[in-house]
>>> print(open('run.cif').read())   # mmCIF, C-alpha atoms
data_my_file
loop_
_atom_site.label_atom_id
_atom_site.label_comp_id
_atom_site.auth_asym_id
_atom_site.auth_seq_id
_atom_site.Cartn_x
_atom_site.Cartn_y
_atom_site.Cartn_z
CA MET A 1 100.81 100.12 138.43
CA LYS A 2 100.96 96.61 137.00
CA ILE A 3 101.08 96.53 133.21
CA ASP A 4 100.01 93.51 131.22
CA SER A 5 102.21 94.05 128.18
CA LYS A 6 100.84 93.26 124.74
CA LEU A 7 104.44 92.65 123.64
CA PRO A 8 106.01 90.92 126.65
CA ASN A 9 108.92 89.47 124.66
CA VAL A 10 109.92 92.67 122.88
CA GLY A 11 112.88 94.56 124.31
CA THR A 12 115.58 96.80 122.90
CA ASN A 13 116.06 95.85 119.27
CA ILE A 14 119.37 94.80 117.75
CA PHE A 15 119.86 98.10 115.91
CA THR A 16 119.54 100.22 119.05
CA ALA A 17 121.76 97.87 121.10
CA THR A 18 124.43 97.67 118.39
CA GLY A 19 124.39 101.40 117.76
CA LYS A 20 124.85 102.09 121.47
CA LEU A 21 127.75 99.65 121.73
CA ALA A 22 129.34 101.08 118.59
CA ASN A 23 129.17 104.60 120.00
CA GLU A 24 130.61 103.51 123.34
CA ASN A 25 133.56 101.87 121.56
CA ASN A 26 134.03 104.53 118.88
CA ALA A 27 133.59 101.84 116.24
CA VAL A 28 133.20 102.22 112.49
CA ASN A 29 129.47 101.65 112.14
CA LEU A 30 128.37 99.48 109.22
CA SER A 31 125.48 98.06 111.19
CA GLN A 32 122.47 100.27 110.54
CA GLY A 33 121.02 100.80 107.07
CA TYR A 34 121.43 104.49 106.57
CA PRO A 35 123.90 106.41 104.35
CA ASN A 36 126.54 108.67 105.88
CA PHE A 37 126.30 111.06 102.93
CA GLY A 38 123.81 113.79 102.17
CA ALA A 39 120.82 114.03 99.88
CA ASP A 40 120.90 115.57 96.43
CA PRO A 41 121.13 119.38 96.88
CA LYS A 42 118.39 119.67 94.23
CA LEU A 43 115.99 117.79 96.49
CA LEU A 44 116.92 119.90 99.49
CA GLN A 45 116.33 123.05 97.47
CA LEU A 46 112.90 121.78 96.44
CA VAL A 47 112.01 121.27 100.11
CA ASP A 48 113.17 124.79 100.89
CA ASP A 49 111.06 126.10 98.01
CA ALA A 50 108.02 124.22 99.30
CA LEU A 51 108.49 125.56 102.82
CA LYS A 52 108.72 129.11 101.53
CA GLY A 53 105.89 128.45 99.09
CA GLY A 54 103.37 127.98 101.87
CA TYR A 55 102.98 124.18 102.02
CA ASN A 56 103.03 124.23 105.82
CA GLN A 57 99.53 123.10 106.73
CA TYR A 58 97.96 119.65 106.60
CA ALA A 59 98.27 117.71 103.40
CA PRO A 60 95.28 115.65 102.26
CA MET A 61 94.88 112.46 104.28
CA GLN A 62 95.87 110.25 101.31
CA GLY A 63 98.87 112.47 100.46
CA SER A 64 99.32 115.47 98.23
CA VAL A 65 97.59 115.16 94.88
CA SER A 66 100.77 116.04 92.99
CA LEU A 67 102.79 113.29 94.69
CA ARG A 68 100.12 110.60 94.34
CA THR A 69 99.74 111.47 90.67
CA ILE A 70 103.42 111.12 89.90
CA ILE A 71 103.70 107.91 91.94
CA SER A 72 100.92 106.49 89.79
CA GLY A 73 102.79 107.43 86.64
CA LYS A 74 106.07 106.02 87.93
CA ILE A 75 104.54 102.63 88.69
CA GLU A 76 102.76 102.53 85.35
CA ASN A 77 105.99 103.28 83.49
CA LEU A 78 108.04 100.74 85.43
CA TYR A 79 105.62 97.89 85.98
CA LYS A 80 102.74 98.46 83.50
CA LYS A 81 100.20 98.62 86.33
CA THR A 82 97.90 101.58 86.96
CA TYR A 83 96.95 102.64 90.48
CA HIS A 84 94.38 105.41 90.70
CA PRO A 85 95.87 108.42 92.55
CA GLU A 86 92.62 109.17 94.36
CA SER A 87 91.63 105.75 95.65
CA GLU A 88 94.62 103.39 95.44
CA ILE A 89 97.67 105.32 96.73
CA THR A 90 98.50 106.60 100.21
CA VAL A 91 101.57 108.55 101.29
CA THR A 92 102.80 107.27 104.64
CA SER A 93 105.19 108.19 107.42
CA GLY A 94 107.79 105.77 106.14
CA ALA A 95 107.37 102.18 105.02
CA THR A 96 107.28 100.89 108.60
CA GLN A 97 104.12 102.87 109.27
CA ALA A 98 102.63 101.53 106.06
CA ILE A 99 103.42 97.96 107.09
CA PHE A 100 102.05 98.45 110.62
CA THR A 101 98.88 100.07 109.29
CA ALA A 102 98.31 97.30 106.76
CA ILE A 103 98.63 94.64 109.45
CA SER A 104 96.39 96.54 111.85
CA ALA A 105 93.73 97.02 109.18
CA PHE A 106 93.37 93.33 108.33
CA VAL A 107 94.78 91.03 111.02
CA ARG A 108 92.34 89.95 113.73
CA PRO A 109 92.89 87.74 116.81
CA GLY A 110 93.56 84.19 115.69
CA ASP A 111 94.54 85.08 112.13
CA GLU A 112 97.78 83.59 110.86
CA VAL A 113 100.40 85.55 108.93
CA ILE A 114 103.20 83.81 107.04
CA VAL A 115 106.55 85.56 107.45
CA LEU A 116 109.64 84.46 105.52
CA LYS A 117 112.73 84.32 107.73
CA PRO A 118 115.15 86.01 107.97
CA ALA A 119 112.76 88.91 108.27
CA TYR A 120 113.05 92.57 109.15
CA ASP A 121 112.08 93.02 112.77
CA CYS A 122 108.98 95.22 112.41
CA TYR A 123 106.64 92.55 111.00
CA GLU A 124 106.14 90.17 113.89
CA PRO A 125 105.48 92.65 116.73
CA ALA A 126 102.73 94.27 114.65
CA ILE A 127 101.13 90.87 114.05
CA GLU A 128 101.32 90.04 117.73
CA VAL A 129 99.93 93.33 119.00
CA PHE A 130 96.74 92.78 116.98
CA GLY A 131 96.31 89.22 118.17
CA GLY A 132 97.59 87.46 115.08
CA LYS A 133 99.91 84.50 114.97
CA THR A 134 103.15 84.58 113.01
CA VAL A 135 103.81 81.43 110.99
CA PRO A 136 107.52 81.58 110.14
CA VAL A 137 108.97 79.89 107.06
CA GLN A 138 112.76 79.79 107.01
CA LEU A 139 114.50 80.60 103.75
CA GLU A 140 117.06 77.92 103.02
CA GLY A 141 120.79 77.75 102.40
CA LEU A 142 123.44 80.41 102.62
CA ASP A 143 121.78 82.17 99.68
CA TYR A 144 118.32 82.16 101.33
CA THR A 145 116.11 80.57 98.70
CA ILE A 146 112.46 79.69 99.30
CA ASN A 147 111.30 76.10 99.48
CA TRP A 148 107.89 76.33 97.85
CA ASP A 149 106.71 72.99 99.24
CA THR A 150 107.43 74.24 102.77
CA PHE A 151 105.71 77.52 102.03
CA LYS A 152 102.62 75.82 100.62
CA ALA A 153 102.41 73.50 103.62
CA ALA A 154 102.29 76.54 105.94
CA ILE A 155 99.05 77.80 104.40
CA CYS A 156 95.79 76.83 106.07
CA SER A 157 92.25 78.10 106.54
CA LYS A 158 93.47 80.61 109.17
CA THR A 159 96.05 82.24 106.88
CA LYS A 160 95.03 85.88 106.50
CA MET A 161 98.23 87.39 105.11
CA VAL A 162 101.64 86.63 103.63
CA ILE A 163 104.50 89.12 103.98
CA ILE A 164 107.32 89.16 101.44
CA ASN A 165 110.34 91.42 101.01
CA THR A 166 112.29 91.99 97.80
CA PRO A 167 115.01 93.19 97.45
CA HIS A 168 115.58 91.44 100.74
CA ASN A 169 116.88 92.86 104.01
CA PRO A 170 119.09 91.37 105.44
CA ALA A 171 120.01 88.78 102.79
CA GLY A 172 120.56 91.15 99.86
CA THR A 173 118.72 88.73 97.54
CA ILE A 174 115.98 89.50 95.03
CA TRP A 175 112.97 87.48 93.95
CA SER A 176 112.94 86.07 90.42
CA LYS A 177 110.10 85.99 87.94
CA ASN A 178 109.71 82.29 88.71
CA ASP A 179 109.38 83.07 92.42
CA MET A 180 106.54 85.48 91.71
CA LEU A 181 104.80 83.00 89.42
CA GLN A 182 105.09 80.27 92.05
CA LEU A 183 103.61 82.59 94.68
CA GLN A 184 100.83 83.64 92.32
CA LYS A 185 99.95 80.00 91.62
CA ILE A 186 99.86 79.05 95.32
CA LEU A 187 97.73 82.04 96.37
CA LYS A 188 95.27 81.69 93.50
CA ASP A 189 91.67 81.01 94.59
CA THR A 190 92.39 82.07 98.19
CA ASN A 191 91.40 85.19 100.15
CA ILE A 192 94.94 85.69 101.42
CA ILE A 193 96.26 89.27 101.41
CA LEU A 194 99.83 89.79 100.23
CA LEU A 195 101.89 92.50 101.92
CA SER A 196 104.95 93.23 99.79
CA ASP A 197 107.81 95.22 101.31
CA GLU A 198 109.62 96.75 98.32
CA VAL A 199 111.51 99.61 99.97
CA TYR A 200 114.71 98.84 98.02
CA GLU A 201 112.93 98.54 94.66
CA HIS A 202 115.35 100.87 92.87
CA ILE A 203 118.54 99.40 94.38
CA VAL A 204 119.13 96.29 92.26
CA PHE A 205 122.47 95.26 90.77
CA ASP A 206 124.22 93.46 87.91
CA GLY A 207 121.63 94.34 85.28
CA LYS A 208 118.87 92.48 87.07
CA GLU A 209 115.31 93.78 87.35
CA HIS A 210 113.13 94.28 90.38
CA GLU A 211 110.16 91.92 90.16
CA SER A 212 107.48 94.04 91.77
CA VAL A 213 104.23 92.40 92.76
CA ALA A 214 102.62 95.12 90.61
CA LYS A 215 103.85 93.31 87.48
CA TYR A 216 101.71 90.25 88.21
CA PRO A 217 97.97 90.96 87.87
CA GLU A 218 96.70 88.12 90.06
CA LEU A 219 99.15 89.05 92.81
CA ALA A 220 98.51 92.78 92.46
CA SER A 221 94.78 92.22 92.92
CA ARG A 222 95.39 90.96 96.48
CA SER A 223 98.44 93.03 97.41
CA ILE A 224 99.48 96.04 99.43
CA ILE A 225 102.88 97.22 98.21
CA CYS A 226 105.02 99.40 100.48
CA SER A 227 107.89 101.60 99.35
CA SER A 228 110.19 104.23 100.86
CA PHE A 229 111.43 107.60 99.70
CA GLY A 230 113.75 107.70 102.70
CA LYS A 231 115.67 104.64 101.51
CA THR A 232 115.47 105.67 97.87
CA PHE A 233 116.83 109.20 98.20
CA HIS A 234 119.22 108.90 101.21
CA VAL A 235 116.85 110.76 103.57
CA THR A 236 115.86 108.09 106.09
CA GLY A 237 115.27 110.73 108.75
CA TRP A 238 112.40 112.21 106.76
CA LYS A 239 110.30 109.06 107.39
CA ILE A 240 108.24 109.29 104.24
CA GLY A 241 107.06 106.48 101.98
CA TYR A 242 103.91 105.24 100.31
CA CYS A 243 101.79 102.22 99.66
CA VAL A 244 99.57 101.17 96.78
CA ALA A 245 96.75 98.64 96.67
CA PRO A 246 93.44 97.93 94.91
CA LYS A 247 90.64 100.20 96.09
CA THR A 248 88.96 97.50 98.21
CA LEU A 249 92.16 97.05 100.24
CA MET A 250 93.16 100.71 100.26
CA THR A 251 89.77 101.77 101.63
CA GLU A 252 90.35 99.66 104.73
CA PHE A 253 93.98 100.78 104.97
CA GLN A 254 92.97 104.43 104.96
CA LYS A 255 90.36 103.88 107.67
CA VAL A 256 93.25 103.11 110.03
CA HIS A 257 95.77 105.51 108.50
CA GLN A 258 93.54 108.52 109.09
CA PHE A 259 93.52 107.89 112.83
CA ASN A 260 97.11 106.85 113.51
CA VAL A 261 98.85 109.43 111.28
CA PHE A 262 96.17 111.22 109.24
CA CYS A 263 98.70 112.87 106.94
CA VAL A 264 102.41 113.22 106.30
CA ASN A 265 104.83 116.17 106.19
CA HIS A 266 103.45 118.41 103.48
CA PRO A 267 106.46 120.35 102.12
CA THR A 268 108.52 117.18 101.63
CA GLN A 269 105.65 115.68 99.65
CA GLU A 270 105.56 118.63 97.29
CA ALA A 271 109.34 118.54 96.92
CA LEU A 272 109.35 114.84 96.14
CA ALA A 273 106.61 115.28 93.56
CA LYS A 274 108.82 117.71 91.63
CA TYR A 275 111.95 115.64 92.14
CA LEU A 276 110.27 112.54 90.71
CA GLU A 277 109.59 114.42 87.48
CA THR A 278 113.15 113.41 86.57
CA PRO A 279 113.13 109.58 86.44
CA GLU A 280 116.94 109.41 86.42
CA HIS A 281 116.86 110.39 90.09
CA TYR A 282 115.68 106.86 90.91
CA LEU A 283 116.68 104.93 87.79
CA ASN A 284 120.39 105.64 88.42
CA LEU A 285 120.39 104.33 91.97
CA GLY A 286 121.25 100.75 91.02
CA PRO A 287 124.58 101.67 89.40
CA PHE A 288 125.28 104.21 92.17
CA TYR A 289 125.01 101.61 94.94
CA GLN A 290 126.54 98.81 92.88
CA GLU A 291 129.70 100.88 92.65
CA LYS A 292 129.76 101.03 96.45
CA ARG A 293 129.11 97.29 96.75
CA ASP A 294 131.89 96.49 94.31
CA TYR A 295 134.29 98.90 95.99
CA PHE A 296 133.65 97.28 99.37
CA LEU A 297 133.98 93.71 98.07
CA ASN A 298 137.17 94.51 96.16
CA ALA A 299 138.61 96.15 99.25
CA ILE A 300 138.08 92.98 101.35
CA SER A 301 138.97 90.44 98.64
CA SER A 302 142.12 89.40 100.52
CA SER A 303 140.25 88.85 103.80
CA ARG A 304 139.19 85.49 105.24
CA PHE A 305 135.50 86.32 104.89
CA LYS A 306 133.41 84.55 102.25
CA MET A 307 130.66 86.29 100.36
CA ILE A 308 127.94 85.99 97.74
CA PRO A 309 127.69 89.47 96.17
CA SER A 310 124.50 91.23 97.19
CA SER A 311 121.88 91.47 94.43
CA GLY A 312 120.24 94.56 95.92
CA THR A 313 119.69 96.78 99.00
CA HIS A 314 122.37 98.58 101.04
CA PHE A 315 123.64 95.34 102.57
CA GLN A 316 126.28 92.69 102.09
CA ILE A 317 126.37 89.46 104.10
CA LEU A 318 129.81 88.14 105.00
CA ASP A 319 130.43 84.53 106.07
CA TYR A 320 133.08 84.23 108.80
CA SER A 321 133.00 80.43 109.23
CA ASP A 322 136.68 80.15 108.20
CA ILE A 323 137.68 82.52 111.00
CA THR A 324 135.96 81.32 114.18
CA THR A 325 133.30 78.98 115.50
CA GLU A 326 131.84 81.72 117.72
CA GLY A 327 128.13 82.44 117.46
CA ASP A 328 127.36 85.45 115.31
CA THR A 329 126.06 87.61 118.16
CA GLU A 330 129.23 86.94 120.18
CA PHE A 331 131.50 87.53 117.19
CA ALA A 332 129.65 90.74 116.28
CA GLU A 333 130.11 92.03 119.82
CA ARG A 334 133.80 91.12 119.80
CA LEU A 335 134.26 92.91 116.48
CA ILE A 336 132.93 96.07 118.06
CA LYS A 337 134.92 95.85 121.29
CA ASP A 338 138.22 94.46 119.99
CA TYR A 339 138.33 95.68 116.38
CA LYS A 340 136.10 98.78 116.47
CA LEU A 341 133.79 97.67 113.67
CA ALA A 342 130.01 97.29 113.99
CA SER A 343 127.80 94.91 112.00
CA ILE A 344 124.54 93.05 112.55
CA PRO A 345 124.41 89.29 113.32
CA VAL A 346 122.03 87.63 110.86
CA SER A 347 120.74 85.03 113.33
CA VAL A 348 118.54 87.65 115.04
CA PHE A 349 116.37 87.67 111.90
CA ASN A 350 116.21 83.87 111.48
CA LEU A 351 113.78 81.26 112.74
CA ASN A 352 114.96 80.00 116.14
CA ASN A 353 118.03 82.24 115.76
CA LEU A 354 119.52 79.92 113.14
CA ASP A 355 123.23 80.78 113.09
CA ASN A 356 124.92 80.44 109.70
CA LYS A 357 128.01 82.34 110.88
CA GLN A 358 127.06 85.44 108.93
CA LEU A 359 127.17 89.17 109.61
CA ARG A 360 125.38 91.95 107.73
CA PHE A 361 127.33 95.05 106.70
CA CYS A 362 125.90 98.27 105.24
CA PHE A 363 127.96 99.58 102.31
CA ALA A 364 125.90 102.76 101.83
CA LYS A 365 128.88 104.76 103.05
CA THR A 366 131.56 107.05 101.68
CA LYS A 367 134.79 105.48 100.44
CA ASP A 368 136.83 106.64 103.44
CA VAL A 369 134.48 104.75 105.79
CA LEU A 370 134.50 101.65 103.57
CA ASP A 371 138.32 101.82 103.45
CA GLU A 372 138.50 101.98 107.23
CA ALA A 373 136.14 99.02 107.58
CA ALA A 374 138.03 97.02 104.93
CA GLU A 375 141.35 97.58 106.71
CA ILE A 376 139.85 96.04 109.84
CA LEU A 377 138.24 93.10 108.03
CA ASN A 378 141.48 92.30 106.20
CA ARG A 379 143.43 91.87 109.43
CA ILE A 380 140.93 89.65 111.27
#
>>> encode(input="run.cif", output="structure tokens")
Amino acid sequence: MKIDSKLPNVGTNIFTATGKLANENNAVNLSQGYPNFGADPKLLQLVDDALKGGYNQYAPMQGSVSLRTIISGKIENLYKKTYHPESEITVTSGATQAIFTAISAFVRPGDEVIVLKPAYDCYEPAIEVFGGKTVPVQLEGLDYTINWDTFKAAICSKTKMVIINTPHNPAGTIWSKNDMLQLQKILKDTNIILLSDEVYEHIVFDGKEHESVAKYPELASRSIICSSFGKTFHVTGWKIGYCVAPKTLMTEFQKVHQFNVFCVNHPTQEALAKYLETPEHYLNLGPFYQEKRDYFLNAISSSRFKMIPSSGTHFQILDYSDITTEGDTEFAERLIKDYKLASIPVSVFNLNNLDNKQLRFCFAKTKDVLDEAAEILNRI
């Protein structure tokens, strides 16, 4: 049978390829963004309680009432924005499903979607599969700042959506208040939908604050915000997240959601609802991961790599331009094969594979793994 692929240019992604190569070479794996440590035993006990408590049938399509209610309260406390639990919140099968559903609900053939590069790799295939056109805008410099003149020039009558990500994967940067105000000013008086990927919202360092779109009324009125419990609570394999949006947007979102997922794992929803009753479970994540970032950076301080400390996420970018002129994909492969250390080349996320001689490392690991990685990096 001859298949006319809707995604003819999509093959094995960088995470799968790198993970396979790392396993084949028995390499220390700092490539993929998942922790190598377990979840809080309290959370696991709550899941066990929910399983034994009978929450083993379908949850409501939008998510369990208890979880949506506490999500609403969490956002109101953090960002002073109220989302109605019944009509403006949906629990999803991870943030990726939320992002895919949002794109599928609004992007039609010929619509343009602005994507800021480097960008996580799930955005563009979803745009393409629904007939949209990605309009990439490259973030500039080694610290990946946005040129607002370039961004504004990319907007036209066909622009249906803009996708942003803060804290940013892979750059480890965060948007400032000024960034949000600039975006709000540019999008004012348009019908452009804003899709905000905020899965690392609670993992921000050095006393800085996460500037959620929810804090800015004119942005919030046009925005779908996606978040992740998997990233937040070290349970990426649970694939559970949520999105919030004004009722007009959420109504359309749920029309698609009910047919591609319908509802999400019920006992984990009930467990998370109880776990979120203690705000410290997410408010303490910044210091928890900053300690890991600092430990990793201190451990490699004598290496030849250059770095700008990550402002958030699980990731640290290292600049190897003082070590070799090799392209980042070649150097990343050689690190795995010759040094037994896996990372992700940043160029795969950039416009036209722009190569700034940078690799992305995940520091959401135990100290023994970070020590092993640091020993390798220090002798390169």
>>> resolve_selection(input="run.cif", expression="the PyMOL selection byres ((chain A and resi 96) around 10)", output="ChimeraX atom specification")
/A:92-95,97-102,122-123,197,199,226-228,239-242
>>> write_last_selection(input="run.cif", atoms="C-alpha atoms", output="PDB file, keeping the file's coordinate frame")
ATOM      1  CA  THR A  92     102.800 107.270 104.640  1.00  0.00           C
ATOM      2  CA  SER A  93     105.190 108.190 107.420  1.00  0.00           C
ATOM      3  CA  GLY A  94     107.790 105.770 106.140  1.00  0.00           C
ATOM      4  CA  ALA A  95     107.370 102.180 105.020  1.00  0.00           C
ATOM      5  CA  GLN A  97     104.120 102.870 109.270  1.00  0.00           C
ATOM      6  CA  ALA A  98     102.630 101.530 106.060  1.00  0.00           C
ATOM      7  CA  ILE A  99     103.420  97.960 107.090  1.00  0.00           C
ATOM      8  CA  PHE A 100     102.050  98.450 110.620  1.00  0.00           C
ATOM      9  CA  THR A 101      98.880 100.070 109.290  1.00  0.00           C
ATOM     10  CA  ALA A 102      98.310  97.300 106.760  1.00  0.00           C
ATOM     11  CA  CYS A 122     108.980  95.220 112.410  1.00  0.00           C
ATOM     12  CA  TYR A 123     106.640  92.550 111.000  1.00  0.00           C
ATOM     13  CA  ASP A 197     107.810  95.220 101.310  1.00  0.00           C
ATOM     14  CA  VAL A 199     111.510  99.610  99.970  1.00  0.00           C
ATOM     15  CA  CYS A 226     105.020  99.400 100.480  1.00  0.00           C
ATOM     16  CA  SER A 227     107.890 101.600  99.350  1.00  0.00           C
ATOM     17  CA  SER A 228     110.190 104.230 100.860  1.00  0.00           C
ATOM     18  CA  LYS A 239     110.300 109.060 107.390  1.00  0.00           C
ATOM     19  CA  ILE A 240     108.240 109.290 104.240  1.00  0.00           C
ATOM     20  CA  GLY A 241     107.060 106.480 101.980  1.00  0.00           C
ATOM     21  CA  TYR A 242     103.910 105.240 100.310  1.00  0.00           C
TER      22      TYR A 242
END
>>> closest_residue(input="run.cif", among="A:Gln32, A:Asn284, A:Asn25, A:Thr150", to="A:Asn13", atoms="all atoms listed in the file")
A:Gln32
>>> closest_atom_pairs(input="run.cif", of="stretch 177-294 of chain A", to="stretch 356-368 of chain A", cutoff="12 Å", atoms="all atoms listed in the file", output="tab-separated table")
residue	atom	partner	partner_atom	distance
A:Ile203	CA	A:Ala364	CA	11.0
A:Lys231	CA	A:Ala364	CA	10.4
A:Thr232	CA	A:Ala364	CA	11.5
A:Phe233	CA	A:Ala364	CA	11.7
A:His234	CA	A:Ala364	CA	9.1
A:Leu285	CA	A:Ala364	CA	11.4
A:Gly286	CA	A:Ala364	CA	11.9
A:Phe288	CA	A:Ala364	CA	9.8
A:Tyr289	CA	A:Ala364	CA	7.0
A:Gln290	CA	A:Phe363	CA	9.6
A:Glu291	CA	A:Phe363	CA	9.9
A:Lys292	CA	A:Phe363	CA	6.3
A:Arg293	CA	A:Phe363	CA	6.1
A:Asp294	CA	A:Phe363	CA	9.4
>>> residues_around(input="run.cif", residues="A:Leu283", least_positions_apart="5", cutoff="12 Å", atoms="all atoms listed in the file", output="PyMOL selection string")
chain A and resi 74+77-78+201-205+207+209-210+232-233+276-278+288-289
>>> residues_near_point(input="run.cif", point="(103.7, 90.3, 125.2)", cutoff="12 Å", atoms="all atoms listed in the file", output="PyMOL selection string")
chain A and resi 3-11+124-131
>>> closest_residue(input="run.cif", among="A:Val135, A:Pro167, A:Arg334, A:Ile224", to="A:Ala153", atoms="only C-alpha atoms")
A:Val135
>>> decode(input="run.cif", residues="stretch 64-109 of chain A", atoms="C-alpha atoms", output="mmCIF file, in the first residue's frame")
data_model
loop_
_atom_site.group_PDB
_atom_site.id
_atom_site.type_symbol
_atom_site.label_atom_id
_atom_site.label_comp_id
_atom_site.auth_asym_id
_atom_site.auth_seq_id
_atom_site.Cartn_x
_atom_site.Cartn_y
_atom_site.Cartn_z
ATOM 1 C CA SER A 64 -12.190 15.335 38.337
ATOM 2 C CA VAL A 65 -14.070 18.116 40.093
ATOM 3 C CA SER A 66 -11.720 18.020 43.075
ATOM 4 C CA LEU A 67 -8.617 18.478 40.919
ATOM 5 C CA ARG A 68 -10.076 21.237 38.748
ATOM 6 C CA THR A 69 -11.211 23.077 41.862
ATOM 7 C CA ILE A 70 -7.801 23.039 43.489
ATOM 8 C CA ILE A 71 -6.072 23.989 40.223
ATOM 9 C CA SER A 72 -8.340 27.025 40.086
ATOM 10 C CA GLY A 73 -7.376 27.988 43.616
ATOM 11 C CA LYS A 74 -3.666 27.462 42.949
ATOM 12 C CA ILE A 75 -3.681 29.769 39.932
ATOM 13 C CA GLU A 76 -5.690 32.400 41.768
ATOM 14 C CA ASN A 77 -3.245 32.369 44.691
ATOM 15 C CA LEU A 78 -0.153 32.513 42.480
ATOM 16 C CA TYR A 79 -1.222 34.749 39.622
ATOM 17 C CA LYS A 80 -4.383 36.565 40.835
ATOM 18 C CA LYS A 81 -6.419 35.160 37.949
ATOM 19 C CA THR A 82 -9.579 33.088 38.388
ATOM 20 C CA TYR A 83 -10.419 30.227 36.027
ATOM 21 C CA HIS A 84 -13.803 28.619 36.575
ATOM 22 C CA PRO A 85 -13.358 24.911 37.408
ATOM 23 C CA GLU A 86 -16.397 23.882 35.383
ATOM 24 C CA SER A 87 -15.844 25.744 32.128
ATOM 25 C CA GLU A 88 -12.226 26.954 31.954
ATOM 26 C CA ILE A 89 -10.007 24.056 33.126
ATOM 27 C CA THR A 90 -9.308 20.677 31.521
ATOM 28 C CA VAL A 91 -7.111 17.893 32.869
ATOM 29 C CA THR A 92 -5.082 16.380 30.041
ATOM 30 C CA SER A 93 -2.898 13.386 29.296
ATOM 31 C CA GLY A 94 0.250 15.416 29.757
ATOM 32 C CA ALA A 95 1.094 18.855 28.404
ATOM 33 C CA THR A 96 1.945 17.475 24.958
ATOM 34 C CA GLN A 97 -1.623 16.282 24.516
ATOM 35 C CA ALA A 98 -2.873 19.672 25.654
ATOM 36 C CA ILE A 99 -0.652 21.427 23.113
ATOM 37 C CA PHE A 100 -1.661 19.060 20.292
ATOM 38 C CA THR A 101 -5.346 19.428 21.133
ATOM 39 C CA ALA A 102 -5.127 23.221 21.255
ATOM 40 C CA ILE A 103 -3.481 23.335 17.836
ATOM 41 C CA SER A 104 -5.964 20.875 16.360
ATOM 42 C CA ALA A 105 -8.920 22.830 17.732
ATOM 43 C CA PHE A 106 -7.940 26.150 16.147
ATOM 44 C CA VAL A 107 -5.435 25.766 13.295
ATOM 45 C CA ARG A 108 -6.926 25.313 9.825
ATOM 46 C CA PRO A 109 -5.205 24.796 6.448
#
